[in-house]
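The structure file coords_16.txt is reproduced below (compact mmCIF, C-alpha atoms).
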# COMPACT_ATOMS: atom_id res chain seq x y z
CA MET A 123 10.16 -1.64 3.70
CA THR A 124 8.26 -3.97 5.98
CA CYS A 125 4.50 -4.33 6.20
CA ALA A 126 4.59 -2.47 9.51
CA GLY A 127 6.63 0.39 8.11
CA ILE A 128 4.11 1.52 5.51
CA ARG A 129 2.60 4.95 6.06
CA ALA A 130 -0.61 4.71 4.02
CA ARG A 131 -2.51 7.95 3.49
CA SER A 132 -4.51 7.54 0.30
CA LYS A 133 -6.85 4.63 -0.37
CA ASN A 134 -4.49 3.37 -3.05
CA GLN A 135 -1.66 3.41 -0.52
CA GLN A 136 -3.86 1.60 1.99
CA SER A 137 -4.64 -1.04 -0.60
CA LEU A 138 -0.96 -1.51 -1.32
CA ALA A 139 -0.28 -1.75 2.40
CA LEU A 140 -2.84 -4.52 2.75
CA VAL A 141 -1.36 -6.46 -0.15
CA LEU A 142 2.13 -6.06 1.28
CA CYS A 143 0.93 -7.29 4.63
CA LEU A 144 -0.52 -10.39 3.02
CA SER A 145 2.49 -11.06 0.79
CA THR A 146 4.39 -14.21 1.64
CA LEU A 147 7.39 -13.20 3.72
CA PHE A 148 9.54 -16.15 4.70
CA LEU A 149 12.78 -18.07 4.87
CA GLY A 150 12.39 -21.38 3.00
CA LEU A 151 14.01 -24.72 3.66
CA PHE A 152 13.69 -27.91 1.62
CA ALA A 153 12.89 -31.03 3.65
CA PRO A 154 11.18 -34.40 3.07
CA ASN A 155 7.41 -34.45 3.10
CA ALA A 156 5.90 -35.49 6.44
CA SER A 157 3.48 -38.37 6.90
CA ALA A 158 0.00 -37.79 8.32
CA ALA A 159 1.12 -38.96 11.75
CA ASP A 160 4.19 -36.75 11.64
CA LYS A 161 2.18 -33.68 10.71
CA ARG A 162 -0.38 -34.28 13.44
CA SER A 163 2.41 -34.76 15.97
CA ARG A 164 3.81 -31.37 14.96
CA GLN A 165 0.53 -29.66 15.82
CA TRP A 166 1.80 -29.09 19.34
CA TYR A 167 -0.88 -26.55 20.18
CA LEU A 168 -3.65 -29.17 19.76
CA ASP A 169 -2.02 -31.21 22.49
CA ALA A 170 -1.27 -28.15 24.64
CA MET A 171 -4.92 -27.09 24.39
CA GLN A 172 -6.11 -30.68 24.98
CA ALA A 173 -8.10 -30.70 21.77
CA GLU A 174 -8.97 -34.40 21.94
CA ARG A 175 -10.74 -33.85 25.26
CA MET A 176 -12.55 -30.77 23.96
CA TRP A 177 -13.75 -32.60 20.85
CA GLN A 178 -15.67 -35.01 23.08
CA THR A 179 -17.83 -32.04 24.04
CA SER A 180 -17.63 -29.77 21.00
CA SER A 181 -16.00 -29.72 17.59
CA GLY A 182 -17.62 -26.55 16.27
CA GLU A 183 -20.77 -28.01 14.74
CA GLY A 184 -23.36 -25.44 13.76
CA VAL A 185 -20.97 -22.47 13.75
CA THR A 186 -19.96 -20.54 10.64
CA VAL A 187 -16.57 -18.82 10.63
CA ALA A 188 -16.05 -16.19 7.94
CA VAL A 189 -12.46 -16.05 6.70
CA ILE A 190 -11.82 -12.60 5.23
CA ASP A 191 -8.56 -13.08 3.41
CA SER A 192 -6.99 -13.94 0.05
CA GLY A 193 -9.67 -16.52 -0.76
CA VAL A 194 -9.90 -20.20 0.18
CA ASP A 195 -8.95 -22.96 -2.25
CA SER A 196 -11.83 -25.45 -2.32
CA SER A 197 -9.67 -28.18 -3.91
CA VAL A 198 -7.62 -28.74 -0.76
CA PRO A 199 -8.45 -32.21 0.64
CA GLU A 200 -8.60 -30.99 4.24
CA LEU A 201 -11.38 -28.54 3.33
CA ARG A 202 -13.66 -30.77 1.25
CA GLY A 203 -17.18 -30.33 2.56
CA GLN A 204 -16.05 -27.59 4.94
CA LEU A 205 -16.68 -24.52 2.78
CA LEU A 206 -19.88 -22.57 2.23
CA PRO A 207 -20.47 -20.55 -0.97
CA GLY A 208 -18.48 -17.36 -0.52
CA LYS A 209 -18.03 -14.05 -2.30
CA ASP A 210 -15.19 -12.06 -3.84
CA PHE A 211 -15.02 -8.40 -2.78
CA SER A 212 -11.61 -7.76 -4.32
CA ALA A 213 -11.09 -5.71 -7.47
CA THR A 214 -9.91 -8.71 -9.50
CA GLN A 215 -13.14 -10.70 -9.04
CA ARG A 216 -11.68 -14.17 -9.50
CA GLY A 217 -14.02 -15.80 -7.03
CA ALA A 218 -13.94 -16.61 -3.34
CA ASN A 219 -12.24 -19.95 -4.01
CA HIS A 220 -9.31 -18.44 -5.84
CA ASP A 221 -6.32 -18.05 -3.53
CA GLY A 222 -3.21 -16.83 -5.30
CA GLU A 223 -1.33 -16.41 -2.03
CA GLY A 224 -2.33 -19.53 -0.07
CA HIS A 225 -2.80 -17.44 3.06
CA GLY A 226 -6.58 -17.64 3.38
CA THR A 227 -6.49 -21.36 2.65
CA SER A 228 -4.01 -21.88 5.48
CA MET A 229 -6.22 -19.96 7.90
CA ALA A 230 -9.28 -21.99 6.91
CA MET A 231 -7.38 -25.24 7.52
CA LEU A 232 -6.26 -24.14 10.97
CA ILE A 233 -9.88 -23.42 11.81
CA ALA A 234 -11.84 -26.23 10.14
CA GLY A 235 -9.44 -28.70 8.52
CA ARG A 236 -10.92 -32.22 8.58
CA ARG A 237 -9.54 -34.78 11.00
CA SER A 238 -8.44 -37.10 8.23
CA GLY A 239 -5.79 -37.47 5.55
CA ASP A 240 -2.28 -36.09 5.65
CA GLY A 241 -3.14 -32.43 6.14
CA THR A 242 -3.55 -30.02 9.01
CA TRP A 243 -6.29 -30.79 11.51
CA GLY A 244 -8.44 -27.79 12.35
CA LEU A 245 -9.17 -26.93 15.96
CA ALA A 246 -12.91 -26.70 15.18
CA PRO A 247 -13.25 -29.42 12.49
CA GLU A 248 -17.05 -29.46 12.39
CA SER A 249 -17.41 -25.73 11.88
CA LYS A 250 -18.03 -24.32 8.41
CA VAL A 251 -15.95 -21.67 6.67
CA LEU A 252 -17.45 -18.80 4.70
CA PRO A 253 -14.65 -17.67 2.36
CA LEU A 254 -14.64 -13.95 1.58
CA ARG A 255 -11.92 -12.69 -0.71
CA SER A 256 -11.13 -9.06 0.02
CA VAL A 257 -7.45 -8.57 -0.78
CA GLY A 258 -6.68 -6.28 -3.70
CA THR A 259 -7.07 -2.69 -4.80
CA ASN A 260 -10.37 -2.30 -2.97
CA GLY A 261 -8.42 -2.22 0.30
CA SER A 262 -10.42 -1.26 3.37
CA VAL A 263 -13.58 -0.82 1.30
CA GLY A 264 -13.50 -4.48 0.29
CA MET A 265 -12.82 -5.55 3.85
CA ALA A 266 -15.71 -3.45 5.16
CA LYS A 267 -18.08 -4.99 2.61
CA SER A 268 -16.80 -8.45 3.57
CA ILE A 269 -17.49 -7.82 7.26
CA ARG A 270 -21.04 -6.73 6.54
CA TYR A 271 -21.63 -9.68 4.22
CA ALA A 272 -20.34 -12.11 6.85
CA ALA A 273 -22.66 -10.67 9.48
CA ASP A 274 -25.64 -10.83 7.11
CA HIS A 275 -24.92 -14.44 6.15
CA GLY A 276 -24.82 -16.12 9.52
CA ALA A 277 -21.14 -15.93 10.43
CA LYS A 278 -20.95 -16.00 14.21
CA VAL A 279 -17.16 -15.67 14.07
CA ILE A 280 -15.28 -13.41 11.63
CA ASN A 281 -11.58 -14.15 11.20
CA ILE A 282 -9.36 -11.39 9.80
CA SER A 283 -5.74 -12.53 9.71
CA LEU A 284 -4.79 -9.31 7.93
CA GLY A 285 -3.67 -5.87 8.90
CA ALA A 286 -2.06 -2.62 7.83
CA PRO A 287 -1.19 0.72 9.44
CA ALA A 288 -4.43 2.59 10.08
CA GLY A 289 -5.24 5.74 8.11
CA GLU A 290 -8.26 7.90 8.83
CA ALA A 291 -9.94 6.87 5.57
CA ALA A 292 -9.56 3.19 6.43
CA LYS A 293 -11.00 3.75 9.89
CA ALA A 294 -13.93 5.59 8.35
CA ASP A 295 -14.59 2.63 6.05
CA LEU A 296 -14.16 -0.10 8.65
CA GLN A 297 -15.63 1.18 11.90
CA PRO A 298 -19.27 1.30 10.72
CA ALA A 299 -18.94 -2.25 9.36
CA ILE A 300 -17.41 -3.46 12.63
CA ASP A 301 -20.22 -1.84 14.62
CA TYR A 302 -22.79 -3.36 12.28
CA ALA A 303 -21.37 -6.86 12.68
CA GLY A 304 -21.33 -6.52 16.45
CA GLU A 305 -24.97 -5.46 16.48
CA LYS A 306 -25.82 -8.43 14.25
CA GLY A 307 -24.22 -10.76 16.80
CA SER A 308 -20.87 -11.56 15.20
CA LEU A 309 -17.53 -11.74 16.98
CA ILE A 310 -14.53 -10.34 15.06
CA PHE A 311 -10.96 -11.53 15.65
CA ALA A 312 -8.06 -9.76 13.90
CA ALA A 313 -4.28 -10.18 13.91
CA THR A 314 -2.33 -7.48 15.76
CA GLY A 315 0.67 -7.76 13.41
CA ASN A 316 4.16 -9.24 13.16
CA HIS A 317 6.34 -6.16 13.62
CA GLY A 318 6.37 -5.91 17.39
CA ASP A 319 10.15 -6.19 17.42
CA GLU A 320 10.44 -3.40 14.83
CA ASP A 321 8.29 -0.25 15.02
CA ASN A 322 5.33 -1.89 16.84
CA ILE A 323 2.84 0.40 15.07
CA ALA A 324 -0.79 -0.53 15.63
CA ASP A 325 -2.54 -2.07 12.62
CA TYR A 326 -6.14 -1.91 11.53
CA PRO A 327 -8.59 -3.52 11.98
CA SER A 328 -7.20 -5.06 15.21
CA SER A 329 -6.82 -1.64 16.84
CA LEU A 330 -10.41 -0.53 16.18
CA PRO A 331 -13.13 -0.68 18.87
CA GLY A 332 -15.27 -3.79 18.66
CA VAL A 333 -12.47 -6.01 17.30
CA VAL A 334 -10.72 -8.66 19.37
CA GLY A 335 -7.02 -8.09 18.67
CA VAL A 336 -5.05 -11.33 18.82
CA GLY A 337 -1.33 -11.62 19.55
CA ALA A 338 0.92 -14.68 19.32
CA VAL A 339 2.65 -16.78 21.97
CA THR A 340 5.41 -19.35 21.67
CA ARG A 341 5.57 -22.94 22.88
CA SER A 342 6.86 -21.64 26.21
CA LEU A 343 3.67 -19.57 26.55
CA LYS A 344 5.52 -16.30 26.25
CA ALA A 345 4.57 -13.46 23.94
CA ALA A 346 6.41 -13.86 20.65
CA LYS A 347 8.91 -11.06 20.00
CA PHE A 348 7.38 -10.31 16.62
CA SER A 349 3.84 -10.00 18.01
CA VAL A 350 2.66 -6.40 18.04
CA HIS A 351 1.79 -5.36 21.59
CA GLY A 352 -0.21 -2.58 23.17
CA PRO A 353 -3.73 -1.84 24.43
CA GLN A 354 -5.26 -3.37 21.29
CA VAL A 355 -4.17 -6.89 22.37
CA ALA A 356 -7.25 -8.56 23.85
CA LEU A 357 -6.23 -12.22 23.69
CA THR A 358 -3.28 -14.31 22.58
CA ALA A 359 -2.95 -17.78 21.08
CA PRO A 360 -0.25 -20.12 19.77
CA GLY A 361 1.46 -18.55 16.77
CA VAL A 362 4.86 -20.26 16.43
CA ASP A 363 5.82 -23.58 14.81
CA VAL A 364 2.37 -24.12 13.29
CA PRO A 365 2.32 -26.79 10.55
CA THR A 366 -0.04 -26.17 7.65
CA ARG A 367 -0.05 -25.75 3.89
CA CYS A 368 0.98 -22.39 2.54
CA THR A 369 1.89 -20.44 -0.58
CA LYS A 370 -0.11 -20.64 -3.78
CA ARG A 371 1.37 -24.11 -4.46
CA LEU A 372 -0.01 -25.38 -1.12
CA LEU A 373 3.32 -26.78 0.05
CA ASP A 374 3.83 -28.24 3.50
CA CYS A 375 4.90 -25.44 5.80
CA THR A 376 5.75 -24.55 9.34
CA THR A 377 4.70 -21.00 10.00
CA TRP A 378 4.96 -18.17 12.52
CA GLY A 379 2.62 -15.23 12.90
CA THR A 380 -0.31 -13.50 14.52
CA SER A 381 -2.31 -14.73 11.51
CA ASP A 382 -2.09 -18.28 12.83
CA ALA A 383 -2.85 -17.15 16.38
CA THR A 384 -5.97 -15.36 15.16
CA ALA A 385 -7.23 -18.47 13.37
CA ILE A 386 -6.73 -20.52 16.54
CA ALA A 387 -8.59 -17.91 18.60
CA SER A 388 -11.44 -17.91 16.08
CA ALA A 389 -11.64 -21.70 16.20
CA SER A 390 -11.67 -21.55 20.01
CA ALA A 391 -14.69 -19.26 19.87
CA ALA A 392 -16.40 -21.66 17.46
CA LEU A 393 -15.90 -24.55 19.88
CA ILE A 394 -17.42 -22.59 22.76
CA TRP A 395 -20.32 -21.24 20.70
CA SER A 396 -21.16 -24.69 19.38
CA ALA A 397 -21.48 -26.00 22.95
CA HIS A 398 -23.47 -22.93 24.05
CA PRO A 399 -25.55 -21.92 21.01
CA THR A 400 -27.81 -19.59 23.00
CA TRP A 401 -24.96 -17.37 24.14
CA THR A 402 -24.41 -14.03 22.44
CA ASN A 403 -21.16 -12.77 20.96
CA ASN A 404 -20.60 -10.77 24.14
CA GLN A 405 -21.03 -13.82 26.33
CA VAL A 406 -18.67 -15.98 24.29
CA LEU A 407 -16.05 -13.24 24.43
CA ARG A 408 -16.54 -12.74 28.15
CA VAL A 409 -15.89 -16.39 29.03
CA MET A 410 -12.87 -16.43 26.72
CA MET A 411 -11.45 -13.42 28.55
CA GLU A 412 -12.26 -14.84 31.99
CA THR A 413 -10.78 -18.28 31.37
CA ALA A 414 -7.70 -17.18 29.43
CA GLY A 415 -4.30 -18.11 30.91
CA LYS A 416 -3.20 -15.00 32.79
CA PRO A 417 0.26 -13.47 33.24
CA GLU A 418 2.22 -14.56 36.28
CA ASP A 419 1.32 -11.41 38.18
CA GLY A 420 -2.37 -11.81 37.30
CA LYS A 421 -2.66 -8.23 36.12
CA VAL A 422 -4.87 -7.75 33.08
CA PRO A 423 -5.02 -6.42 30.51
CA SER A 424 -1.32 -6.57 29.76
CA GLU A 425 0.27 -5.03 26.70
CA TYR A 426 1.70 -8.37 25.56
CA LEU A 427 -0.94 -10.97 26.50
CA GLY A 428 -4.08 -8.85 26.78
CA TYR A 429 -6.45 -10.81 29.01
CA GLY A 430 -4.42 -13.96 28.47
CA ILE A 431 -3.93 -17.03 26.29
CA VAL A 432 -7.11 -18.62 24.93
CA ARG A 433 -8.14 -21.80 26.75
CA PRO A 434 -11.51 -23.07 25.47
CA ARG A 435 -10.91 -26.28 27.45
CA LYS A 436 -11.63 -24.37 30.65
CA VAL A 437 -15.14 -23.65 29.36
CA LEU A 438 -15.85 -26.95 27.60
CA VAL A 439 -14.25 -29.47 29.93
CA ASP A 440 -13.83 -27.70 33.26
CA LYS A 441 -17.14 -25.82 32.95
CA GLU A 442 -15.66 -22.49 34.01
CA GLY A 443 -16.62 -18.98 32.98
CA ASP A 444 -19.64 -16.81 33.66
CA PRO A 445 -21.28 -15.63 30.42
CA GLY A 446 -22.75 -12.60 32.18
CA PRO A 447 -25.08 -10.09 30.52
CA ALA A 448 -25.96 -10.81 26.92
CA GLY A 449 -25.96 -7.23 25.69
CA VAL A 450 -22.70 -5.88 27.13
CA ASN A 451 -19.43 -6.19 25.23
CA PRO A 452 -16.91 -6.95 28.00
CA LEU A 453 -13.99 -5.60 26.01
CA LEU A 454 -15.59 -2.23 25.38
CA ALA A 455 -17.04 -2.07 28.89
CA ASP A 456 -13.66 -2.78 30.45
CA HIS A 457 -12.00 -0.06 28.39
CA LYS A 458 -14.44 2.39 29.99
CA SER A 459 -13.76 1.25 33.55
CA THR A 460 -10.96 0.08 35.77
CA ALA A 461 -12.53 -3.30 36.58
CA PRO A 462 -11.02 -6.11 34.50
CA PRO A 463 -12.77 -9.41 33.81
CA LYS A 464 -12.42 -12.07 36.46
CA THR A 465 -9.03 -13.65 36.90
CA PRO A 466 -8.25 -17.14 38.20
CA GLN A 467 -7.79 -17.43 41.94
CA SER A 468 -4.32 -17.79 43.38
CA GLY A 469 -2.96 -21.21 42.56
CA ALA A 470 -5.39 -21.79 39.71
CA ASP A 471 -4.35 -23.53 36.52
CA ASN A 472 -3.03 -20.72 34.32
CA SER A 473 -1.31 -22.62 31.52
CA ALA A 474 -2.61 -23.38 28.07
CA ALA A 475 -1.82 -27.06 28.56
CA GLY A 476 -3.06 -27.34 32.14
CA SER A 477 0.41 -27.93 33.57
CA ALA A 478 2.12 -25.97 36.34
CA GLN A 479 3.79 -23.70 33.80
CA LYS A 480 2.33 -20.20 33.61
CA PRO A 481 2.43 -17.66 30.78
CA VAL A 482 4.59 -14.65 31.39
CA ASP A 483 4.03 -11.08 30.33
CA HIS A 484 7.11 -10.39 28.23
CA PRO A 485 8.40 -11.52 24.85
CA ASP A 486 10.07 -14.86 24.42
CA ASP A 487 13.82 -14.62 24.10
CA SER A 488 13.98 -17.17 21.30
CA PRO A 489 15.76 -16.03 18.09
CA ASN A 490 13.80 -14.02 15.58
CA TRP A 491 13.37 -15.24 12.03
CA PRO A 492 14.26 -12.59 9.46
CA LEU A 493 11.38 -10.74 7.85
CA THR A 494 11.92 -9.80 4.22
CA ALA A 495 9.49 -7.33 2.68
CA GLY A 496 8.16 -7.19 -0.87
CA LEU A 497 5.22 -8.20 -2.97
CA ALA A 498 6.84 -11.51 -3.86
CA ALA A 499 8.34 -14.03 -1.44
CA THR A 500 12.12 -14.07 -1.03
CA VAL A 501 13.31 -17.60 -0.50
CA ALA A 502 16.58 -18.92 0.87
CA ALA A 503 16.40 -22.64 0.19
CA LEU A 504 18.69 -25.58 0.78
CA ALA A 505 18.00 -28.65 -1.35
CA ALA A 506 17.43 -31.72 0.78
CA GLY A 507 14.84 -33.52 -1.30
CA GLY A 508 11.06 -33.74 -0.94
CA LEU A 509 8.62 -30.87 -0.65
CA ILE A 510 9.41 -27.45 0.74
CA ILE A 511 8.73 -26.80 4.39
CA VAL A 512 8.45 -23.04 4.61
CA ARG A 513 9.08 -21.00 7.72
CA ARG A 514 7.56 -17.56 7.48
CA ARG A 515 5.99 -14.78 9.41
CA ARG A 516 2.75 -13.28 8.22
CA THR A 517 0.10 -10.90 9.33

Rewrite the structure of this file - the entire thing - as structure tokens.
Amino acid sequence: MTCAGIRARSKNQQSLALVLCLSTLFLGLFAPNASAADKRSRQWYLDAMQAERMWQTSSGEGVTVAVIDSGVDSSVPELRGQLLPGKDFSATQRGANHDGEGHGTSMAMLIAGRRSGDGTWGLAPESKVLPLRSVGTNGSVGMAKSIRYAADHGAKVINISLGAPAGEAAKADLQPAIDYAGEKGSLIFAATGNHGDEDNIADYPSSLPGVVGVGAVTRSLKAAKFSVHGPQVALTAPGVDVPTRCTKRLLDCTTWGTSDATAIASASAALIWSAHPTWTNNQVLRVMMETAGKPEDGKVPSEYLGYGIVRPRKVLVDKEGDPGPAGVNPLLADHKSTAPPKTPQSGADNSAAGSAQKPVDHPDDSPNWPLTAGLAATVAALAAGGLIIVRRRRT
């Protein structure tokens, strides 16, 4: 049974679904540990997004990103000085800095990892992470409390790299919290899921109104086959071949998933908000939608790319994007009308990297990695010395 195949009706079933979705699902491969330079060189999306140029204008300073996940390990070198005091909303109550899965820690590093040492560099390295542990038997109740807490404690961006099939009880728990956070001025990004090539069932909270659903694209700027698609996809971001640390032992990993894409989208919002601190959540979202790399035919939203691939460089370096009205959520407004956000003019730069290549609105035809379900990770490893580099998909 895959994460996407769960039909959760009771709250206990929803809790189990959330845990299953978070469980480490991967194919493992032993390989020598990479040096700092090697790991940075493998962060292809930083180069594609022209991060070095963006950091001359903004690196996320002054923006708090809440990471609602499995907790964030404060002992990781890349996150020293990057974490704010968090809170544990799970049933186990082991503290916000306990991460038995390694998933939340990985997301925090992708967002705010320091630009030093041998670890993953975050896209918004001067932002701060508010760790909120919500995974466990509290299910959607814990997530709803986490969302409200994040909004009340200054989190401009809320990252939820989690998901499960939506039951009515879960929607009833989550929607009021999502609405509350939006009214408080927060912007919520959530992973659409990694079962797009299976049943493609919509997950919560990415499918709920007021949440920015994030899908994954490959290096070729095509929608990843595993990325869940549909009307809930608002934006997409790199989600393949992402080097980080993962698993509870914090091993060096290369990962795949809409989880990673969501973290990169959240970090992109932090970069923009840091440069434009007077903008509202609606205005940050609007410029992200306007400046996103569009499908070849320019038609948005599309079921695979939404309004396109995030490109904060267009806002920070090229000074594009109209923030528009402060009090109107462009995603909700567009769902009520037929007028999409602005799209680039014919011949405009549509690629994430700024090259002539354009994203296309269909899944990449690269091979799929197998997805093995279960509460524990199933590993197929080949001994080659050194630390494990893990390849996995995760929601």

Among listed residues A:Gly244, A:Pro445, A:Gly318, A:Pro353, nearest Leu168 in chain A (using only C-alpha atoms):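 Closest candidate: A:Gly244.
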
message: Just to confirm, what's the straight-line distance from CA of Gln165 in chain A to CA of Asn281 in chain A in Å (one decimal)?
response: 20.2 Å

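Proximity ranking of A:Lys441, A:Thr242, A:Leu357, A:Val333 relative to Arg164 in chain A places A:Thr242 first, based on all atoms listed in the file.
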
- request: Extract, using only C-alpha atoms, all DNA, RNA and protein residues at most 12 Å from Pro447 in chain A, discarding same-chain residues fewer than 3 positions from it, and format them as an NGL selection string.
  value: :A and (401-409 or 444 or 450-452 or 455)

Next, dump the selected residues to file, keeping only C-alpha atoms, as an mmCIF file, keeping the file's coordinate frame.
data_model
loop_
_atom_site.group_PDB
_atom_site.id
_atom_site.type_symbol
_atom_site.label_atom_id
_atom_site.label_comp_id
_atom_site.auth_asym_id
_atom_site.auth_seq_id
_atom_site.Cartn_x
_atom_site.Cartn_y
_atom_site.Cartn_z
ATOM 1 C CA TRP A 401 -24.960 -17.370 24.140
ATOM 2 C CA THR A 402 -24.410 -14.030 22.440
ATOM 3 C CA ASN A 403 -21.160 -12.770 20.960
ATOM 4 C CA ASN A 404 -20.600 -10.770 24.140
ATOM 5 C CA GLN A 405 -21.030 -13.820 26.330
ATOM 6 C CA VAL A 406 -18.670 -15.980 24.290
ATOM 7 C CA LEU A 407 -16.050 -13.240 24.430
ATOM 8 C CA ARG A 408 -16.540 -12.740 28.150
ATOM 9 C CA VAL A 409 -15.890 -16.390 29.030
ATOM 10 C CA ASP A 444 -19.640 -16.810 33.660
ATOM 11 C CA VAL A 450 -22.700 -5.880 27.130
ATOM 12 C CA ASN A 451 -19.430 -6.190 25.230
ATOM 13 C CA PRO A 452 -16.910 -6.950 28.000
ATOM 14 C CA ALA A 455 -17.040 -2.070 28.890
#

query: Can you tell me, as a ChimeraX atom specification, what residues are no more than 6 Å from Glu425 in chain A when counting all atoms listed in the file, ignoring any on the same chain fewer than 2 positions away?
result: /A:351-353,428

field: Exercise: range 201-206 of chain A partners within 6 Å, only C-alpha atoms, chain neighbours under 2 positions left out, as number ranges by chain
entry: A: 198-199, 235, 250-252

query: What lies within 9 Å of Gly315 in chain A using all atoms listed in the file, ignoring chain neighbours under 2 positions off, as a ChimeraX atom specification?
result: /A:125-126,143,283-286,312-313,317-318,322-325,328,336-337,348-351,379-381,516-517

- prompt: So which one's closest to Tyr326 in chain A, A:Leu254, A:Ala346, A:Ala338, A:Leu296? Using only C-alpha atoms, please.
  reply: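 Selected residue with least distance to Tyr326 in chain A: A:Leu296.
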
task: Just give me the residues with any atom within 9 Å of (-13.5, -21.7, 13.7), file coordinates, counting all atoms listed in the file, written as number ranges by chain.
output: A: 182, 185-188, 230, 232-234, 244-251, 279-281, 385-393

- line: CA of Glu442 in chain A sits from CA of Pro360 in chain A at a separation of 21.1 Å

message: Which residues are close to Pro434 in chain A, i.e. within 8 Å by only C-alpha atoms, leaving aside same-chain residues fewer than 3 positions away? Reply as a list in words.
response: Met171, Met176, Ser390, Ala391, Leu393, Ile394, Met410, Thr413, Val437 and Leu438 of chain A

task: Quick one: pull the distance between CA of Trp243 in chain A and CA of Gly222 in chain A, Å, one decimal.
output: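 Interatomic distance, CA of Trp243 in chain A to CA of Gly222 in chain A: 22.1 Å.
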
Centre and edge lengths of an axis-aligned box around all listed atoms of range 289-292 of chain A, with 3 Å added on each side, are to be given in Å to one decimal, as JSON.
{"center_x": -7.6, "center_y": 5.5, "center_z": 7.2, "size_x": 10.7, "size_y": 10.7, "size_z": 9.3}

query: Which one of A:Ile431, A:Met411, A:Leu330, A:Ala294 sits closest to Ala359 in chain A if you count all atoms listed in the file?
result: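 Of A:Ile431, A:Met411, A:Leu330, A:Ala294, the one nearest Ala359 in chain A, counting all atoms listed in the file, is A:Ile431.
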
- request: Go through A:Pro327, A:Val432, A:Arg341, A:Val194 and flag the residue nearest Glu412 in chain A, using all atoms listed in the file for the distances.
  value: A:Val432
